$ cat structure_9.cif   # mmCIF, C-alpha atoms and all ligand atoms
data_data
loop_
_atom_site.label_atom_id
_atom_site.label_comp_id
_atom_site.auth_asym_id
_atom_site.auth_seq_id
_atom_site.Cartn_x
_atom_site.Cartn_y
_atom_site.Cartn_z
CA MET F 195 2.81 7.58 9.34
CA LYS F 196 2.90 4.77 6.77
CA ILE F 197 -0.35 2.81 6.50
CA ALA F 198 -1.09 -0.13 4.18
CA PHE F 199 -4.42 -1.69 3.16
CA LEU F 200 -4.61 -5.44 2.68
CA GLY F 201 -7.30 -8.07 2.28
CA LYS F 202 -8.80 -10.64 -0.02
CA GLY F 203 -9.52 -9.64 -3.61
CA GLY F 204 -12.49 -7.30 -3.85
CA SER F 205 -12.79 -6.75 -0.09
CA GLY F 206 -12.46 -2.97 -0.43
CA LYS F 207 -8.73 -2.24 -0.07
CA SER F 208 -8.68 0.39 -2.80
CA THR F 209 -11.93 1.97 -1.61
CA LEU F 210 -10.59 2.34 1.95
CA ALA F 211 -7.10 3.39 0.79
CA THR F 212 -8.66 6.08 -1.40
CA ALA F 213 -10.75 7.37 1.50
CA CYS F 214 -7.63 7.39 3.66
CA VAL F 215 -5.61 9.39 1.12
CA ARG F 216 -8.44 11.90 0.72
CA HIS F 217 -8.94 12.25 4.46
CA LEU F 218 -5.26 12.82 5.20
CA HIS F 219 -4.85 15.19 2.27
CA THR F 220 -7.88 17.33 3.05
CA SER F 221 -6.80 17.52 6.68
CA GLY F 222 -3.61 19.23 5.50
CA ARG F 223 -1.07 16.44 5.23
CA ARG F 224 1.33 15.95 2.37
CA VAL F 225 0.43 12.43 1.19
CA LEU F 226 2.26 9.86 -0.89
CA ALA F 227 -0.30 7.37 -2.26
CA ILE F 228 1.39 4.17 -3.39
CA ASP F 229 -0.44 1.79 -5.71
CA ALA F 230 1.34 -1.54 -5.26
CA ASP F 231 -1.26 -3.41 -7.33
CA HIS F 232 -0.70 -3.70 -11.08
CA ASN F 233 -4.45 -3.19 -11.62
CA MET F 234 -3.86 0.38 -10.38
CA ASP F 235 -7.31 1.15 -8.96
CA LEU F 236 -5.90 3.58 -6.40
CA ILE F 237 -4.36 6.01 -8.85
CA LEU F 238 -7.49 5.83 -11.00
CA ASN F 239 -9.67 6.58 -7.95
CA LEU F 240 -7.43 9.57 -7.27
CA GLY F 241 -7.94 10.89 -10.79
CA ALA F 242 -4.89 9.59 -12.67
CA ASP F 243 -5.31 7.24 -15.66
CA SER F 244 -1.60 6.60 -15.81
CA LEU F 245 1.71 7.94 -14.50
CA PRO F 246 4.80 9.01 -16.47
CA HIS F 247 7.07 6.58 -14.58
CA TYR F 248 6.35 3.33 -12.75
CA LEU F 249 8.60 1.56 -10.24
CA GLY F 250 8.36 -1.60 -12.34
CA ASP F 251 9.68 0.13 -15.48
CA ASP F 252 13.14 0.10 -13.98
CA PRO F 253 13.24 -1.89 -10.72
CA ALA F 254 17.05 -1.69 -10.57
CA ALA F 255 17.00 2.14 -10.52
CA ILE F 256 16.78 2.10 -6.73
CA LYS F 257 19.93 -0.01 -6.49
CA ARG F 258 21.85 2.40 -8.71
CA HIS F 259 20.55 5.32 -6.67
CA ALA F 260 21.62 3.66 -3.41
CA ASN F 261 25.04 2.48 -4.71
CA VAL F 262 24.11 -1.18 -4.29
CA PRO F 263 26.43 -3.47 -6.31
CA GLU F 264 24.78 -4.74 -9.51
CA ASP F 265 25.24 -8.41 -8.56
CA VAL F 266 23.04 -8.03 -5.43
CA SER F 267 19.77 -9.50 -6.67
CA SER F 268 17.84 -9.51 -3.37
CA TYR F 269 15.98 -6.29 -2.58
CA THR F 270 16.05 -7.20 1.12
CA LYS F 271 19.84 -7.27 0.94
CA ALA F 272 19.77 -4.08 -1.16
CA ALA F 273 17.80 -2.37 1.61
CA GLU F 274 20.47 -3.36 4.16
CA ILE F 275 23.26 -2.03 1.95
CA ALA F 276 21.34 1.19 1.23
CA ARG F 277 20.86 1.73 4.97
CA ALA F 278 24.56 1.10 5.60
CA ASN F 279 25.29 3.65 2.83
CA ASP F 280 23.17 6.19 4.80
CA VAL F 281 20.66 6.47 1.96
CA VAL F 282 17.54 8.41 2.92
CA PHE F 283 14.48 9.16 0.83
CA ARG F 284 12.31 12.26 1.35
CA LEU F 285 9.06 13.60 -0.04
CA SER F 286 9.81 17.28 0.34
CA PRO F 287 12.20 18.35 -0.94
CA PRO F 288 12.40 15.02 -2.75
CA ASP F 289 15.60 13.11 -3.42
CA ALA F 290 16.25 12.29 -7.09
CA TYR F 291 14.69 8.80 -6.91
CA THR F 292 11.50 9.94 -5.18
CA ALA F 293 11.23 12.95 -7.49
CA HIS F 294 11.33 10.63 -10.52
CA PHE F 295 8.79 8.04 -9.35
CA ALA F 296 6.46 10.02 -7.02
CA HIS F 297 4.40 12.38 -9.15
CA GLU F 298 2.88 15.42 -7.45
CA VAL F 299 -0.55 15.44 -9.15
CA ALA F 300 -2.02 18.16 -6.91
CA PRO F 301 -0.40 20.34 -4.28
CA ARG F 302 0.89 17.99 -1.55
CA LEU F 303 -0.55 14.86 -3.20
CA HIS F 304 2.02 12.48 -4.70
CA LEU F 305 1.27 9.24 -6.56
CA MET F 306 3.65 6.34 -7.01
CA ALA F 307 2.77 3.00 -8.61
CA ALA F 308 4.38 -0.39 -9.19
CA GLY F 309 2.80 -0.18 -12.63
CA PRO F 310 1.44 -2.59 -15.21
CA HIS F 311 3.11 -5.78 -16.35
CA THR F 312 6.33 -5.34 -18.26
CA ASP F 313 8.00 -7.59 -20.87
CA ILE F 314 10.20 -9.11 -18.12
CA VAL F 315 7.05 -10.25 -16.31
CA ARG F 316 5.33 -11.40 -19.54
CA SER F 317 8.39 -13.49 -20.48
CA GLY F 318 8.29 -15.20 -17.08
CA GLU F 319 11.81 -14.00 -16.21
CA HIS F 320 10.42 -12.30 -13.09
CA CYS F 321 7.02 -12.53 -11.44
CA SER F 322 4.74 -9.52 -11.07
CA HIS F 323 5.93 -9.02 -7.49
CA SER F 324 9.19 -7.70 -8.93
CA LEU F 325 7.30 -4.56 -10.03
CA ALA F 326 6.80 -3.53 -6.40
CA ALA F 327 10.18 -4.83 -5.12
CA PRO F 328 11.85 -1.35 -5.04
CA LEU F 329 9.41 -0.51 -2.21
CA LYS F 330 11.39 -2.89 0.03
CA VAL F 331 14.20 -0.35 -0.14
CA HIS F 332 12.20 2.86 -0.49
CA LEU F 333 9.58 2.43 2.24
CA PRO F 334 11.84 1.73 5.24
CA LEU F 335 14.27 4.50 4.25
CA LEU F 336 11.61 7.11 3.44
CA GLN F 337 11.81 9.71 6.22
CA LEU F 338 8.58 11.61 6.77
CA ALA F 339 8.03 15.01 8.35
CA GLU F 340 5.31 15.36 11.05
CA ASP F 341 2.73 16.49 8.49
CA GLU F 342 3.47 13.79 5.91
CA ALA F 343 1.86 10.37 5.43
CA VAL F 344 2.14 7.37 3.13
CA VAL F 345 -0.84 5.22 2.14
CA ILE F 346 -0.24 1.93 0.31
CA ASP F 347 -2.94 0.06 -1.58
CA GLU F 348 -1.70 -3.52 -1.69
CA ARG F 349 -2.26 -6.52 -3.89
CA ALA F 350 -4.85 -9.06 -2.78
CA GLY F 351 -4.12 -11.83 -0.31
CA THR F 352 -1.07 -12.71 1.76
CA ASP F 353 1.56 -12.21 -0.97
CA PRO F 354 2.41 -8.59 -0.05
CA VAL F 355 3.43 -9.78 3.43
CA ALA F 356 5.27 -12.85 2.21
CA THR F 357 7.23 -10.81 -0.35
CA GLY F 358 8.37 -8.50 2.41
CA ILE F 359 7.53 -4.99 1.26
CA LEU F 360 5.48 -4.28 4.39
CA LYS F 361 8.48 -4.18 6.71
CA GLY F 362 8.54 -0.40 6.29
CA VAL F 363 4.93 0.30 7.31
CA HIS F 364 3.75 1.34 10.77
CA ILE F 365 0.33 -0.26 10.53
CA ALA F 366 -1.52 -2.54 8.15
CA ILE F 367 -5.30 -2.36 7.91
CA ILE F 368 -6.86 -5.67 6.89
CA VAL F 369 -10.18 -5.21 5.11
CA ALA F 370 -12.63 -8.12 5.39
CA GLU F 371 -16.09 -8.77 3.99
CA PRO F 372 -18.53 -10.86 6.01
CA THR F 373 -17.95 -13.99 3.94
CA VAL F 374 -16.21 -17.19 4.98
CA HIS F 375 -13.51 -16.76 2.33
CA SER F 376 -12.80 -13.07 2.97
CA ALA F 377 -12.57 -13.57 6.74
CA ARG F 378 -10.33 -16.62 6.29
CA VAL F 379 -7.88 -14.69 4.09
CA ALA F 380 -7.99 -11.78 6.56
CA ARG F 381 -6.96 -14.16 9.35
CA GLN F 382 -4.17 -15.62 7.19
CA ILE F 383 -2.88 -12.12 6.46
CA ALA F 384 -3.00 -11.29 10.18
CA GLU F 385 -0.95 -14.40 10.97
CA GLU F 386 1.66 -13.45 8.37
CA LEU F 387 1.81 -9.89 9.70
CA SER F 388 2.26 -11.16 13.27
CA ARG F 389 5.11 -13.33 12.07
CA ALA F 390 6.68 -10.34 10.28
CA GLY F 391 6.19 -8.13 13.35
CA VAL F 392 3.90 -5.62 11.63
CA ARG F 393 1.13 -4.00 13.69
CA HIS F 394 -2.29 -4.64 12.15
CA GLU F 395 -5.97 -3.91 12.70
CA PHE F 396 -9.18 -4.94 10.92
CA VAL F 397 -11.98 -3.09 9.12
CA ALA F 398 -15.22 -4.90 8.28
CA ASN F 399 -16.57 -3.80 4.89
CA LYS F 400 -19.80 -4.45 2.94
CA VAL F 401 -21.56 -5.45 6.16
CA ARG F 402 -25.30 -6.23 5.93
CA ASN F 403 -26.17 -8.13 9.10
CA GLU F 404 -23.31 -10.28 10.32
CA LEU F 405 -19.74 -9.14 10.94
CA PRO F 406 -16.90 -11.21 9.48
CA ILE F 407 -15.38 -13.68 11.97
CA LEU F 408 -12.07 -12.11 12.91
CA PRO F 409 -9.57 -12.63 15.75
CA ARG F 410 -10.69 -9.33 17.35
CA SER F 411 -13.24 -6.56 16.85
CA PRO F 412 -12.71 -4.41 13.78
CA LEU F 413 -11.66 -0.79 14.32
CA ALA F 414 -14.50 0.28 12.02
CA VAL F 415 -17.48 -1.17 10.19
CA VAL F 416 -18.61 0.01 6.75
CA ARG F 417 -22.07 -1.16 5.72
CA PHE F 418 -22.84 -2.59 2.28
CA GLY F 419 -23.72 0.15 -0.19
CA ALA F 420 -22.57 2.84 2.19
CA GLU F 421 -19.24 3.69 0.65
CA PRO F 422 -19.30 7.25 2.08
CA GLU F 423 -18.96 5.52 5.45
CA ALA F 424 -15.44 4.66 4.34
CA SER F 425 -14.26 8.16 5.25
CA GLU F 426 -15.90 7.91 8.70
CA ALA F 427 -14.16 4.55 9.12
CA ILE F 428 -10.85 6.19 8.29
CA GLU F 429 -11.44 8.85 10.95
CA LYS F 430 -12.05 6.08 13.49
CA ILE F 431 -8.94 4.19 12.40
CA LEU F 432 -6.72 7.26 12.63
CA GLU F 433 -8.14 8.18 16.04
CA ALA F 434 -7.40 4.68 17.30
CA LEU F 435 -3.77 4.71 16.16
N1 LIG P 1 -19.10 -0.82 1.47
C1 LIG P 1 -19.28 -1.16 0.21
N2 LIG P 1 -20.53 -1.44 -0.26
C2 LIG P 1 -20.74 -1.81 -1.53
N3 LIG P 1 -19.76 -1.93 -2.45
C3 LIG P 1 -18.50 -1.69 -2.05
C4 LIG P 1 -18.19 -1.29 -0.71
N4 LIG P 1 -16.83 -1.14 -0.62
C5 LIG P 1 -16.34 -1.41 -1.84
N5 LIG P 1 -17.31 -1.74 -2.70
C6 LIG P 1 -17.20 -2.10 -4.11
O1 LIG P 1 -16.57 -3.39 -4.18
C7 LIG P 1 -15.72 -3.45 -5.33
C8 LIG P 1 -14.34 -3.83 -4.89
O2 LIG P 1 -13.83 -2.76 -4.09
P1 LIG P 1 -12.28 -2.37 -4.15
O3 LIG P 1 -11.83 -2.20 -5.55
O4 LIG P 1 -12.08 -1.26 -3.19
O5 LIG P 1 -11.69 -3.72 -3.57
P2 LIG P 1 -10.19 -4.23 -3.58
O6 LIG P 1 -10.03 -5.06 -2.37
O7 LIG P 1 -9.26 -3.09 -3.77
O8 LIG P 1 -10.20 -5.15 -4.89
P3 LIG P 1 -8.94 -5.78 -5.68
O9 LIG P 1 -8.59 -7.01 -4.91
O10 LIG P 1 -9.46 -6.05 -7.03
O11 LIG P 1 -7.84 -4.76 -5.64
C9 LIG P 1 -15.80 -2.08 -6.01
O12 LIG P 1 -16.76 -2.16 -7.03
C10 LIG P 1 -16.29 -1.17 -4.89
O13 LIG P 1 -17.00 -0.05 -5.37
MG MG P 2 -7.74 -2.83 -5.19
#
$ encode --input "structure_9.cif" --output "structure tokens"
Amino acid sequence: MKIAFLGKGGSGKSTLATACVRHLHTSGRRVLAIDADHNMDLILNLGADSLPHYLGDDPAAIKRHANVPEDVSSYTKAAEIARANDVVFRLSPPDAYTAHFAHEVAPRLHLMAAGPHTDIVRSGEHCSHSLAAPLKVHLPLLQLAEDEAVVIDERAGTDPVATGILKGVHIAIIVAEPTVHSARVARQIAEELSRAGVRHEFVANKVRNELPILPRSPLAVVRFGAEPEASEAIEKILEAL
């Protein structure tokens, strides 16, 4: 299963993604936690200050690995070529690319991150989305065993859908606070996901009295100040899948 967490900035994506990683890991799964946000809250929550290698350090590495011609600049096109080349990624035993970028920080817990801004981003040559672009190739071609799962903590807003890296996920969880702005962004994300054909569900977070106004009932509700409820919410989400 590949599950991604999306939502407006500060809605609780990293909090819920962390709870999801912990839940899956303690229930015996091998988990790949992917931090697609250059702020890297997920890996910090999971106990890592930094990682030896980030996807964004060498975005073209995945094209070399998959024998994609150098002049192919689109990662969407690269994913098609990699598939045609029968490229497959695996967590265990890992292929060379996954072994390099997915760090096993505890038994059966692997961390991968887009990473912080690089000079290419600072110079304006590429935007920060380029750091996570290799995921467009890696995620759809990553073959999981029954007892393996991938959890992705995304960047805020609709950009992760628009930039296409979510094509490889089975379900996206949209986290929404009960504010006008958070609910509005959650609905925008849902529209984009529908357009992209990605299954999605909602979680209401930081709820005091009112629920956020969403197109349908959330799978779970986490009350304000009750962050431990995040793990109960994850149980509900996984049961409902
Ligand atoms: N249910 C909750 N009650 C109170 N505070 C919460 C709750 N859930 C998350 N928070 C807090 O809200 C803040 C933002 O949470 P988090 O970092 O998970 O959001 P995010 O959506 O990942 O943010 P960003 O857009 O910056 O990545 C954190 O300080 C977190 O501890
Ligand atoms: Mg976050």
$ closest_residue --input "structure_9.cif" --among "F:His219, F:Arg402, F:Lys257, F:His294" --to "ligand LIG 1 (chain P)" --atoms "only C-alpha atoms and all ligand atoms"
F:Arg402
$ residues_near_ligand --input "structure_9.cif" --ligand "ligand LIG 1 (chain P)" --cutoff "8 Å" --atoms "all atoms listed in the file" --output "PyMOL selection string"
chain F and resi 200-211+231+233+235-236+347-350+369+399-401+416-421+423-424
$ residues_around --input "structure_9.cif" --residues "Ala260 (chain F)" --least-positions-apart "4" --cutoff "9 Å" --atoms "only C-alpha atoms" --output "count of residues only"
11
$ closest_residue --input "structure_9.cif" --among "F:Arg381, F:Arg410, F:Lys430, F:Arg224" --to "Val299 (chain F)" --atoms "all atoms listed in the file"
F:Arg224
$ closest_residue --input "structure_9.cif" --among "F:Ser221, F:Ile346, F:Cys321, F:Leu432" --to "ligand MG 2 (chain P)" --atoms "only C-alpha atoms and all ligand atoms"
F:Ile346
$ residues_around --input "structure_9.cif" --residues "Ala380 (chain F)" --least-positions-apart "4" --cutoff "10 Å" --atoms "only C-alpha atoms" --output "list of chain:residue names"
F:Leu200, F:Gly201, F:Lys202, F:Ser205, F:Gly351, F:Thr352, F:Ile367, F:Ile368, F:Val369, F:Ala370, F:Glu371, F:Val374, F:His375, F:Ser376, F:Ala384, F:Glu385, F:Glu386, F:Phe396, F:Val397, F:Pro406, F:Ile407, F:Leu408, F:Pro409
$ closest_residue --input "structure_9.cif" --among "F:His320, F:Leu303, F:Thr270, F:Asp251" --to "Leu360 (chain F)" --atoms "only C-alpha atoms"
F:Thr270
$ atom_distance --input "structure_9.cif" --atom1 "CA of Pro354 (chain F)" --atom2 "CA of Pro301 (chain F)"
29.4 Å
$ residues_around --input "structure_9.cif" --residues "region 332-335 of chain F" --least-positions-apart "6" --cutoff "7 Å" --atoms "all atoms listed in the file" --output "PDB file with C-alpha atoms, in the frame of the given file"
ATOM      1  CA  VAL F 282      17.540   8.410   2.920  1.00  0.00           C
ATOM      2  CA  PHE F 283      14.480   9.160   0.830  1.00  0.00           C
ATOM      3  CA  LYS F 361       8.480  -4.180   6.710  1.00  0.00           C
ATOM      4  CA  GLY F 362       8.540  -0.400   6.290  1.00  0.00           C
TER       5      GLY F 362
END
$ closest_residue --input "structure_9.cif" --among "F:Ala230, F:Val392, F:Ala290, F:Leu218" --to "Ala326 (chain F)" --atoms "all atoms listed in the file"
F:Ala230
$ closest_residue --input "structure_9.cif" --among "F:Arg223, F:Arg302, F:Lys196, F:His232" --to "ligand MG 2 (chain P)" --atoms "all atoms listed in the file"
F:His232
$ atom_distance --input "structure_9.cif" --atom1 "CA of Leu238 (chain F)" --atom2 "CA of Leu305 (chain F)"
10.4 Å
$ atom_distance --input "structure_9.cif" --atom1 "CA of Gln337 (chain F)" --atom2 "CA of Thr357 (chain F)"
22.0 Å
$ residues_near_point --input "structure_9.cif" --point "(17.2, -11.0, -0.5)" --cutoff "12 Å" --atoms "only C-alpha atoms" --output "list of chain:residue names"
F:Asp265, F:Val266, F:Ser267, F:Ser268, F:Tyr269, F:Thr270, F:Lys271, F:Ala272, F:Ala273, F:Glu274, F:Ile275, F:Ala327, F:Pro328, F:Lys330, F:Val331, F:Thr357, F:Gly358, F:Ile359
$ residues_around --input "structure_9.cif" --residues "Asp252 (chain F)" --least-positions-apart "5" --cutoff "12 Å" --atoms "only C-alpha atoms" --output "ChimeraX atom specification"
/F:247,257-259,291,294-295,308-309,311-314,324-328
